Amino acid sequence: MKKLILMGRSESGKTTLKQALNGEKVHYYKTQYVHYNDVLIDTPGEYAQTKHLGYALALYAYEADVVGLLVAATESYTLFPPNITCMVNRDVIGIVTKINEPGANIPLAEQWLRNSGCRTIFRVDSVTGEGVRDILDYLQ
Ligand SMILES: Nc1nc2c(ncn2[C@@H]2O[C@H](COP(=O)(O)OP(=O)(O)O)[C@@H](O)[C@H]2O)c(=O)[nH]1
Ligand SMILES: [Mg+2]
């Protein structure tokens with residue numbers, strides 16, 4: 001299976017998606033450091049939100065086969081600038097989370113991810129498990 005690194009702001013749903021992809025029970029905990037296993041790398045949102053920590057994300061990307069940029073469908077702005085996927089020589093996929101939340105704007109989140117350079121975009125609700133299988137199939 002390809003190894004996926006999850007990047008995105010705090011509360012975008014990285015850890016919950018990790019649990020869903022691993023088939024674990026979904027429960028909240030604050031991600032304080034970079035978590036590794038054979039298939040997934042989960043990163044703290046602060047790494048995406050803080051310029052100097054952002055450089056570490058670029059290096060961690062090389063530990064993975066695929067970079068996943070997460071945007072929750074409820075976010076009011078995106079952290080990811082246009083055309084950032086060319087920063088790494090890895091496949092970069094977009095993942096829209098929280099698709100069933102009230103006020104979710106899935107087309108807007110997708111547009112932000114496309115502007116950033118993602119050509120493949122998944123839509124998930126990690127709590128119900130909707131869409132999670134598609135990411136697993138992609139990683140197989
Ligand atoms: N309904 C719903 N809630 C989600 C989803 N993803 C995350 N959450 C909730 O959003 C909160 C933050 O999620 P978390 O995975 O810790 O975000 P992280 O900071 O990116 O790791 C938690 O309360 C999750 O239960 C999703 O796809 N659907
Ligand atoms: Mg987390």
# chains A, B, ... in the order shown; residues from 1 in each chain; ligands from 1

call {"tool": "residues_near_ligand", "arguments": {"ligand": "ligand 2", "cutoff": "10 Å", "atoms": "only C-alpha atoms and all ligand atoms", "output": "PyMOL selection string"}}
result
chain A and resi 6-18+28-35+42-46

call {"tool": "select_by_dssp", "arguments": {"residues": "chain A", "states": "alpha helix (DSSP H)", "output": "MDAnalysis selection string"}}
result
chainID A and resid 14:22 45:49 51:60 106:116 132:139

call {"tool": "write_last_selection", "arguments": {"atoms": "C-alpha atoms", "output": "short mmCIF file (atom, residue, chain, number, x, y, z; two decimals), in the first residue's frame"}}
result
data_model
loop_
_atom_site.label_atom_id
_atom_site.label_comp_id
_atom_site.auth_asym_id
_atom_site.auth_seq_id
_atom_site.Cartn_x
_atom_site.Cartn_y
_atom_site.Cartn_z
CA LYS A 14 -6.51 14.64 9.76
CA THR A 15 -6.48 12.47 12.88
CA THR A 16 -10.11 11.40 12.44
CA LEU A 17 -9.41 10.41 8.84
CA LYS A 18 -6.32 8.52 9.98
CA GLN A 19 -8.47 6.57 12.45
CA ALA A 20 -11.10 5.87 9.76
CA LEU A 21 -8.46 4.69 7.26
CA ASN A 22 -6.93 2.44 9.95
CA GLY A 45 -2.14 21.42 12.12
CA GLU A 46 0.34 23.93 13.53
CA TYR A 47 2.87 22.67 11.00
CA ALA A 48 0.64 23.89 8.19
CA GLN A 49 -0.27 27.10 10.02
CA LYS A 51 5.67 29.32 8.32
CA HIS A 52 8.81 27.88 9.90
CA LEU A 53 7.19 24.57 10.82
CA GLY A 54 5.88 24.42 7.25
CA TYR A 55 9.39 23.68 6.00
CA ALA A 56 9.34 20.49 8.09
CA LEU A 57 6.18 19.39 6.23
CA ALA A 58 8.04 19.70 2.93
CA LEU A 59 10.71 17.33 4.28
CA TYR A 60 8.20 14.88 5.78
CA ILE A 106 -18.00 21.17 -0.92
CA PRO A 107 -17.59 22.91 -4.33
CA LEU A 108 -15.66 25.79 -2.69
CA ALA A 109 -13.31 23.45 -0.83
CA GLU A 110 -12.75 21.50 -4.05
CA GLN A 111 -12.02 24.68 -5.97
CA TRP A 112 -9.39 25.72 -3.42
CA LEU A 113 -7.73 22.30 -3.72
CA ARG A 114 -7.79 22.46 -7.53
CA ASN A 115 -6.27 25.96 -7.43
CA SER A 116 -3.48 24.52 -5.27
CA VAL A 132 -13.10 6.50 3.10
CA ARG A 133 -13.07 3.32 0.99
CA ASP A 134 -12.24 5.39 -2.14
CA ILE A 135 -9.02 6.65 -0.53
CA LEU A 136 -8.05 3.11 0.54
CA ASP A 137 -8.67 1.87 -3.03
CA TYR A 138 -6.50 4.68 -4.36
CA LEU A 139 -3.67 3.74 -1.99
#

call {"tool": "closest_residue", "arguments": {"among": "A:Gly103, A:Gly68, A:Gly129, A:Gly23", "to": "ligand 1", "atoms": "only C-alpha atoms and all ligand atoms"}}
result
A:Gly129

call {"tool": "closest_residue", "arguments": {"among": "A:Val66, A:Ile84, A:Ala72, A:Ala61", "to": "ligand 1", "atoms": "only C-alpha atoms and all ligand atoms"}}
result
A:Ala72

call {"tool": "select_by_dssp", "arguments": {"residues": "range 4-110 of chain A", "states": "strand (DSSP E)", "output": "ChimeraX atom specification"}}
result
/A:4-7,35-36,40-42,66-72,91-97

call {"tool": "write_last_selection", "arguments": {"atoms": "N, CA and C atoms", "output": "CSV table (one decimal), in the first residue's frame"}}
result
chain,number,residue,atom,x,y,z
A,4,LEU,N,0.6,7.5,2.9
A,4,LEU,CA,0.0,8.8,2.7
A,4,LEU,C,0.3,9.7,3.9
A,5,ILE,N,0.7,10.9,3.6
A,5,ILE,CA,0.9,11.9,4.7
A,5,ILE,C,-0.2,12.9,4.6
A,6,LEU,N,-0.8,13.2,5.8
A,6,LEU,CA,-2.0,14.1,5.9
A,6,LEU,C,-1.5,15.5,6.4
A,7,MET,N,-1.9,16.5,5.6
A,7,MET,CA,-1.5,17.9,6.0
A,7,MET,C,-2.8,18.8,5.9
A,35,HIS,N,2.9,11.7,13.9
A,35,HIS,CA,2.6,10.3,14.2
A,35,HIS,C,2.9,9.5,12.9
A,36,TYR,N,3.6,8.4,13.0
A,36,TYR,CA,4.0,7.5,11.9
A,36,TYR,C,3.3,6.1,12.1
A,40,LEU,N,0.4,5.6,7.1
A,40,LEU,CA,0.0,6.9,7.3
A,40,LEU,C,1.0,7.8,8.1
A,41,ILE,N,1.1,9.0,7.8
A,41,ILE,CA,1.8,10.0,8.6
A,41,ILE,C,0.8,11.1,9.0
A,42,ASP,N,0.5,11.3,10.2
A,42,ASP,CA,-0.4,12.3,10.7
A,42,ASP,C,0.4,13.5,11.3
A,66,VAL,N,2.4,9.6,-1.2
A,66,VAL,CA,1.3,10.4,-1.6
A,66,VAL,C,1.1,11.5,-0.5
A,67,VAL,N,1.0,12.7,-0.9
A,67,VAL,CA,0.7,13.8,0.0
A,67,VAL,C,-0.8,14.1,-0.1
A,68,GLY,N,-1.5,14.1,1.1
A,68,GLY,CA,-2.9,14.5,1.1
A,68,GLY,C,-3.1,15.8,1.7
A,69,LEU,N,-3.7,16.8,1.0
A,69,LEU,CA,-4.0,18.1,1.5
A,69,LEU,C,-5.5,18.1,1.9
A,70,LEU,N,-5.7,18.3,3.2
A,70,LEU,CA,-7.1,18.3,3.7
A,70,LEU,C,-7.7,19.7,3.8
A,71,VAL,N,-8.9,19.8,3.4
A,71,VAL,CA,-9.7,21.1,3.6
A,71,VAL,C,-11.1,20.6,4.1
A,72,ALA,N,-11.5,21.1,5.3
A,72,ALA,CA,-12.9,20.7,5.7
A,72,ALA,C,-13.8,21.6,4.9
A,91,ASP,N,2.8,12.4,-5.7
A,91,ASP,CA,1.4,12.6,-6.1
A,91,ASP,C,0.8,13.4,-4.9
A,92,VAL,N,0.0,14.4,-5.2
A,92,VAL,CA,-0.7,15.2,-4.2
A,92,VAL,C,-2.2,15.1,-4.5
A,93,ILE,N,-2.9,14.6,-3.5
A,93,ILE,CA,-4.4,14.5,-3.6
A,93,ILE,C,-5.0,15.5,-2.7
A,94,GLY,N,-6.2,15.9,-3.1
A,94,GLY,CA,-7.0,16.8,-2.2
A,94,GLY,C,-8.0,15.9,-1.5
A,95,ILE,N,-8.3,16.3,-0.2
A,95,ILE,CA,-9.3,15.5,0.5
A,95,ILE,C,-10.2,16.5,1.2
A,96,VAL,N,-11.5,16.6,0.8
A,96,VAL,CA,-12.5,17.4,1.5
A,96,VAL,C,-13.2,16.6,2.6
A,97,THR,N,-13.1,17.1,3.8
A,97,THR,CA,-13.7,16.4,4.9
A,97,THR,C,-14.9,17.1,5.4

call {"tool": "closest_residue", "arguments": {"among": "A:Val39, A:Thr78, A:Met1, A:Asp125", "to": "ligand 1", "atoms": "only C-alpha atoms and all ligand atoms"}}
result
A:Asp125

call {"tool": "atom_distance", "arguments": {"atom1": "atom 6 (N, counted along the ligand's line) of ligand 1", "atom2": "CA of Val127 in chain A"}}
result
6.3 Å

call {"tool": "closest_residue", "arguments": {"among": "A:Asn105, A:Glu24, A:Glu75, A:Asn100", "to": "ligand 1", "atoms": "only C-alpha atoms and all ligand atoms"}}
result
A:Asn100

call {"tool": "closest_residue", "arguments": {"among": "A:Ala104, A:Ile99, A:Cys86, A:Val26", "to": "Arg123 in chain A", "atoms": "only C-alpha atoms"}}
result
A:Ile99

call {"tool": "atom_distance", "arguments": {"atom1": "CA of Ala64 in chain A", "atom2": "atom 26 (C, counted along the ligand's line) of ligand 1"}}
result
23.0 Å

call {"tool": "closest_residue", "arguments": {"among": "A:Asn83, A:Thr50, A:Thr128, A:Asn37", "to": "ligand 1", "atoms": "only C-alpha atoms and all ligand atoms"}}
result
A:Thr128

call {"tool": "atom_distance", "arguments": {"atom1": "atom 2 (C, counted along the ligand's line) of ligand 1", "atom2": "CA of Lys2 in chain A"}}
result
24.8 Å

call {"tool": "decode", "arguments": {"residues": "range 62-99 of chain A", "atoms": "N, CA and C atoms", "output": "CSV table (one decimal), in the first residue's frame"}}
result
chain,number,residue,atom,x,y,z
A,62,TYR,N,8.7,13.7,1.8
A,62,TYR,CA,9.6,12.7,1.1
A,62,TYR,C,9.6,11.4,1.9
A,63,GLU,N,9.0,11.3,3.0
A,63,GLU,CA,8.8,10.0,3.7
A,63,GLU,C,7.6,9.3,3.2
A,64,ALA,N,6.8,9.9,2.4
A,64,ALA,CA,5.5,9.3,2.0
A,64,ALA,C,5.5,9.1,0.4
A,65,ASP,N,4.6,8.4,0.0
A,65,ASP,CA,4.4,8.2,-1.5
A,65,ASP,C,3.4,9.2,-2.0
A,66,VAL,N,2.4,9.6,-1.2
A,66,VAL,CA,1.3,10.4,-1.6
A,66,VAL,C,1.1,11.5,-0.5
A,67,VAL,N,1.0,12.7,-0.9
A,67,VAL,CA,0.7,13.8,0.0
A,67,VAL,C,-0.8,14.1,-0.1
A,68,GLY,N,-1.5,14.1,1.1
A,68,GLY,CA,-2.9,14.5,1.1
A,68,GLY,C,-3.1,15.8,1.7
A,69,LEU,N,-3.7,16.8,1.0
A,69,LEU,CA,-4.0,18.1,1.5
A,69,LEU,C,-5.5,18.1,1.9
A,70,LEU,N,-5.7,18.3,3.2
A,70,LEU,CA,-7.1,18.3,3.7
A,70,LEU,C,-7.7,19.7,3.8
A,71,VAL,N,-8.9,19.8,3.4
A,71,VAL,CA,-9.7,21.1,3.6
A,71,VAL,C,-11.1,20.6,4.1
A,72,ALA,N,-11.5,21.1,5.3
A,72,ALA,CA,-12.9,20.7,5.7
A,72,ALA,C,-13.8,21.6,4.9
A,73,ALA,N,-15.0,21.0,4.6
A,73,ALA,CA,-16.0,21.7,3.8
A,73,ALA,C,-16.6,22.9,4.5
A,74,THR,N,-16.3,23.0,5.8
A,74,THR,CA,-16.8,24.1,6.7
A,74,THR,C,-15.8,25.2,6.8
A,75,GLU,N,-14.6,25.1,6.2
A,75,GLU,CA,-13.6,26.1,6.4
A,75,GLU,C,-14.0,27.4,5.7
A,76,SER,N,-13.6,28.5,6.3
A,76,SER,CA,-14.0,29.8,5.7
A,76,SER,C,-12.9,30.4,4.8
A,77,TYR,N,-11.7,29.8,4.9
A,77,TYR,CA,-10.6,30.2,4.0
A,77,TYR,C,-9.7,29.1,3.9
A,78,THR,N,-8.8,29.1,2.9
A,78,THR,CA,-7.9,28.0,2.8
A,78,THR,C,-6.4,28.4,3.2
A,79,LEU,N,-5.7,27.5,3.7
A,79,LEU,CA,-4.3,27.8,4.1
A,79,LEU,C,-3.4,27.6,2.9
A,80,PHE,N,-3.9,26.8,1.9
A,80,PHE,CA,-3.0,26.4,0.8
A,80,PHE,C,-3.0,27.4,-0.3
A,81,PRO,N,-1.8,27.9,-0.7
A,81,PRO,CA,-1.7,28.9,-1.8
A,81,PRO,C,-1.9,28.2,-3.1
A,82,PRO,N,-2.1,29.0,-4.2
A,82,PRO,CA,-2.2,28.4,-5.5
A,82,PRO,C,-0.9,27.7,-5.9
A,83,ASN,N,-1.0,26.6,-6.7
A,83,ASN,CA,0.1,25.9,-7.3
A,83,ASN,C,1.2,25.5,-6.3
A,84,ILE,N,0.8,24.9,-5.2
A,84,ILE,CA,1.8,24.4,-4.3
A,84,ILE,C,2.2,22.9,-4.5
A,85,THR,N,1.4,22.2,-5.3
A,85,THR,CA,1.7,20.8,-5.4
A,85,THR,C,3.1,20.6,-6.1
A,86,CYS,N,3.6,21.5,-6.9
A,86,CYS,CA,4.8,21.4,-7.6
A,86,CYS,C,6.0,21.4,-6.6
A,87,MET,N,5.8,21.7,-5.3
A,87,MET,CA,6.8,21.8,-4.3
A,87,MET,C,7.4,20.4,-4.0
A,88,VAL,N,6.7,19.3,-4.3
A,88,VAL,CA,7.2,18.0,-4.0
A,88,VAL,C,7.0,17.1,-5.2
A,89,ASN,N,7.9,16.1,-5.4
A,89,ASN,CA,7.8,15.2,-6.5
A,89,ASN,C,7.1,13.9,-6.0
A,90,ARG,N,5.9,14.2,-5.5
A,90,ARG,CA,5.0,13.1,-5.0
A,90,ARG,C,3.7,13.4,-5.6
A,91,ASP,N,2.8,12.4,-5.7
A,91,ASP,CA,1.4,12.6,-6.1
A,91,ASP,C,0.8,13.4,-4.9
A,92,VAL,N,0.0,14.4,-5.2
A,92,VAL,CA,-0.7,15.2,-4.2
A,92,VAL,C,-2.2,15.1,-4.5
A,93,ILE,N,-2.9,14.6,-3.5
A,93,ILE,CA,-4.4,14.5,-3.6
A,93,ILE,C,-5.0,15.5,-2.7
A,94,GLY,N,-6.2,15.9,-3.1
A,94,GLY,CA,-7.0,16.8,-2.2
A,94,GLY,C,-8.0,15.9,-1.5
A,95,ILE,N,-8.3,16.3,-0.2
A,95,ILE,CA,-9.3,15.5,0.5
A,95,ILE,C,-10.2,16.5,1.2
A,96,VAL,N,-11.5,16.6,0.8
A,96,VAL,CA,-12.5,17.4,1.5
A,96,VAL,C,-13.2,16.6,2.6
A,97,THR,N,-13.1,17.1,3.8
A,97,THR,CA,-13.7,16.4,4.9
A,97,THR,C,-14.9,17.1,5.4
A,98,LYS,N,-15.6,16.5,6.4
A,98,LYS,CA,-16.8,17.1,7.0
A,98,LYS,C,-17.9,17.4,6.0
A,99,ILE,N,-18.1,16.5,5.0
A,99,ILE,CA,-19.0,16.9,3.9
A,99,ILE,C,-20.4,16.9,4.3
